[in-house]
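Beneath this line is the structure, given in structure tokens, with notes to follow.
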Amino acid sequence: MENAPKVKLYPLEQLYLVRFNKKTTVSILVEGQKSHFVDVFSGNIYNSLDSDFEIVSSFLEALKENNLDILLTDSDGTQKQQLSLAKITDLLKLLERKRTLNQVMEQRNHIISNNMSNIVSDLLGLNISNPSTPFKFSERLGTQEVIVPAKKLVLFKKSLLEYIKASLLVEPSLIITYGKDGQDYRVARSLRKAKIIQTEQMKNNAFSVNVSREGRLKVNDIDINEYQRKTESGFQKTFKF
């Protein structure tokens, strides 16, 4: 049986976001040259001195400016140094989507992602005695507390928020699951980045969360607001997105 062809990888440090004839693309700096670039998609060679050619920034810098560099993180929490053409294509689409997103939708995406990050944190049981949400998962679902340092918790939630924001740019909805049989990669990588160890106690806090781009959210197939219909004072509250 013949070996499958190897996927070509491009060094991240040599990739640039460029515009040629008003079209945005990604090019790689020709080794040993200071002014010649090759379009990774078409193979066309550009000279940076041409009037219709513009270097926008390095590809990594463009991703960082849009908080998308988190998608370069490997499963062990380290940043990828080489990218496949498929990965470059996906990231370029995300950059374009982020550029055309209006301010209202951008703010909505952030609020939804932040709420989702807090909910997942509580469902994992992370410092749930001081919960990030009003849903009382410890009472309603029997979620067990997993105590972690405050700095690690902040890093975890920040990382997960950025993963969710990026996902909702291209997906109308997403499902995040966690348990002994497996974990969503966004949760797993955010835990690794925060250096939070997944204990058996944490894995017992199994759950599934579904959220749409419009803010509809379910935990274990139940609408999130069903978890807080009545407060101690007897008034009804609704979790706002």
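Chain identifiers are assigned as A, B, and so on, following the order in which chains appear in the structure tokens; residues are numbered from 1 within each chain, and ligands are numbered from 1 in order of appearance.
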Residues within 12 Å of A:Arg213, only C-alpha atoms, excluding chain neighbours under 5 positions, as a list in words: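 Skipping anything fewer than 5 positions along the chain leaves Met105, Glu106, Gln107, Arg108, Asn109, His110, Ile111, Ile112, Ser113, Met116, Ile164, Lys165, Ala166, Ser167, Leu168, Leu169, Val170, Glu171, Pro172, Ser173, Leu174, Ile175 and Phe241 of chain A.
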Strand (DSSP E or B) per DSSP on the backbone: members of stretch 48-237 of chain A, as a VMD selection string: chain A and resid 53 to 58 73 79 82 to 84 126 146 173 to 179 182 to 183 207 to 212 217 to 219 222 to 223
Serialized selection, N, CA, C and O atoms, as a compact mmCIF listing (two decimals), in the first residue's frame:
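Saved file selection_33.txt follows:
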```
# COMPACT_ATOMS: atom_id res chain seq x y z
N PHE A 53 0.61 46.30 -5.37
CA PHE A 53 0.87 45.29 -4.33
C PHE A 53 1.08 46.00 -2.99
O PHE A 53 1.82 46.98 -2.90
N GLU A 54 0.43 45.48 -1.94
CA GLU A 54 0.54 46.09 -0.60
C GLU A 54 0.68 44.99 0.45
O GLU A 54 -0.10 44.04 0.48
N ILE A 55 1.67 45.15 1.32
CA ILE A 55 1.81 44.25 2.47
C ILE A 55 0.96 44.82 3.61
O ILE A 55 1.24 45.92 4.09
N VAL A 56 -0.06 44.12 4.02
CA VAL A 56 -0.93 44.58 5.10
C VAL A 56 -0.23 44.38 6.44
O VAL A 56 -0.10 45.31 7.24
N SER A 57 0.21 43.16 6.68
CA SER A 57 0.92 42.81 7.92
C SER A 57 1.34 41.36 7.82
O SER A 57 0.99 40.66 6.86
N SER A 58 2.10 40.90 8.79
CA SER A 58 2.36 39.48 8.84
C SER A 58 1.03 38.78 9.13
O SER A 58 0.12 39.36 9.73
N THR A 73 -3.40 27.32 18.25
CA THR A 73 -2.92 26.53 19.39
C THR A 73 -3.09 25.04 19.13
O THR A 73 -4.16 24.58 18.74
N GLN A 79 1.74 27.01 20.26
CA GLN A 79 1.35 27.62 19.00
C GLN A 79 1.95 26.88 17.81
O GLN A 79 3.12 26.52 17.81
N GLN A 82 3.77 25.89 11.74
CA GLN A 82 3.54 25.63 10.32
C GLN A 82 2.06 25.42 10.07
O GLN A 82 1.37 24.81 10.90
N LEU A 83 1.56 25.91 8.95
CA LEU A 83 0.14 25.81 8.62
C LEU A 83 -0.07 25.16 7.27
O LEU A 83 0.68 25.40 6.33
N SER A 84 -1.10 24.32 7.19
CA SER A 84 -1.48 23.73 5.92
C SER A 84 -2.28 24.76 5.11
O SER A 84 -2.77 25.76 5.67
N LEU A 126 -15.83 24.55 38.27
CA LEU A 126 -14.68 25.35 38.64
C LEU A 126 -15.07 26.45 39.63
O LEU A 126 -15.78 27.40 39.27
N VAL A 146 -14.78 21.93 41.78
CA VAL A 146 -13.37 21.69 41.51
C VAL A 146 -12.65 23.01 41.78
O VAL A 146 -12.85 23.99 41.05
N SER A 173 -24.55 27.83 14.82
CA SER A 173 -24.72 27.33 16.19
C SER A 173 -23.59 26.36 16.48
O SER A 173 -22.91 25.88 15.57
N LEU A 174 -23.37 26.08 17.76
CA LEU A 174 -22.35 25.12 18.12
C LEU A 174 -22.76 24.37 19.38
O LEU A 174 -23.54 24.86 20.18
N ILE A 175 -22.22 23.18 19.52
CA ILE A 175 -22.48 22.34 20.68
C ILE A 175 -21.16 22.05 21.38
O ILE A 175 -20.18 21.66 20.73
N ILE A 176 -21.12 22.28 22.67
CA ILE A 176 -19.94 21.97 23.47
C ILE A 176 -20.32 20.86 24.45
O ILE A 176 -21.26 21.01 25.24
N THR A 177 -19.62 19.75 24.36
CA THR A 177 -19.89 18.62 25.25
C THR A 177 -18.66 18.32 26.10
O THR A 177 -17.53 18.62 25.71
N TYR A 178 -18.92 17.71 27.26
CA TYR A 178 -17.82 17.36 28.15
C TYR A 178 -18.24 16.16 28.99
O TYR A 178 -19.39 16.06 29.42
N GLY A 179 -17.28 15.27 29.21
CA GLY A 179 -17.55 14.10 30.04
C GLY A 179 -16.43 13.09 29.96
O GLY A 179 -15.38 13.33 29.35
N GLY A 182 -15.31 11.92 26.40
CA GLY A 182 -14.68 12.87 25.49
C GLY A 182 -15.02 14.31 25.83
O GLY A 182 -15.98 14.57 26.57
N GLN A 183 -14.21 15.23 25.29
CA GLN A 183 -14.44 16.65 25.54
C GLN A 183 -14.30 17.44 24.24
O GLN A 183 -13.51 17.09 23.38
N PHE A 207 -21.79 17.26 30.68
CA PHE A 207 -22.84 18.17 30.21
C PHE A 207 -22.76 18.35 28.70
O PHE A 207 -21.78 17.97 28.05
N SER A 208 -23.81 18.96 28.16
CA SER A 208 -23.86 19.36 26.76
C SER A 208 -24.51 20.73 26.70
O SER A 208 -25.57 20.95 27.31
N VAL A 209 -23.86 21.66 26.02
CA VAL A 209 -24.39 23.02 25.89
C VAL A 209 -24.52 23.36 24.41
O VAL A 209 -23.59 23.16 23.63
N ASN A 210 -25.68 23.86 24.03
CA ASN A 210 -25.94 24.23 22.65
C ASN A 210 -26.27 25.71 22.61
O ASN A 210 -27.14 26.18 23.36
N VAL A 211 -25.59 26.47 21.75
CA VAL A 211 -25.85 27.90 21.64
C VAL A 211 -25.93 28.29 20.17
O VAL A 211 -25.21 27.73 19.32
N SER A 212 -26.83 29.21 19.85
CA SER A 212 -26.96 29.71 18.48
C SER A 212 -26.36 31.10 18.38
O SER A 212 -26.15 31.77 19.40
N LEU A 217 -29.86 29.31 23.96
CA LEU A 217 -28.90 28.44 24.65
C LEU A 217 -29.62 27.37 25.46
O LEU A 217 -30.60 27.65 26.15
N LYS A 218 -29.13 26.14 25.33
CA LYS A 218 -29.69 25.02 26.08
C LYS A 218 -28.57 24.28 26.81
O LYS A 218 -27.47 24.12 26.27
N VAL A 219 -28.88 23.82 28.01
CA VAL A 219 -27.98 22.97 28.77
C VAL A 219 -28.65 21.62 28.94
O VAL A 219 -29.77 21.55 29.48
N ILE A 222 -32.20 21.51 27.74
CA ILE A 222 -33.20 22.31 28.44
C ILE A 222 -32.83 23.78 28.29
O ILE A 222 -31.66 24.16 28.48
N ASP A 223 -33.80 24.63 27.94
CA ASP A 223 -33.54 26.06 27.79
C ASP A 223 -32.90 26.61 29.05
O ASP A 223 -33.32 26.30 30.17
```
DSSP helix (DSSP H, G or I) residues within stretch 5-238 of chain A, listed as a PyMOL selection string: chain A and resi 12-14+59-65+69-72+85-100+103-124+137-140+150-170+185-193+200-203+224-228
Selected residue of minimal separation from A:Asp69 among A:Glu162, A:Glu200, A:Glu214, A:Asp184, counting only C-alpha atoms: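 The answer is A:Glu162, which sits nearest to A:Asp69.
Nearest to A:Lys180 of all the residues A:Gln201, A:Glu96, A:Tyr163, A:Val120 is A:Gln201, based on only C-alpha atoms.
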Residues near A:Leu191, cut-off 12 Å, only C-alpha atoms, skip fewer than 3 positions along chain, as a count of residues only: 31
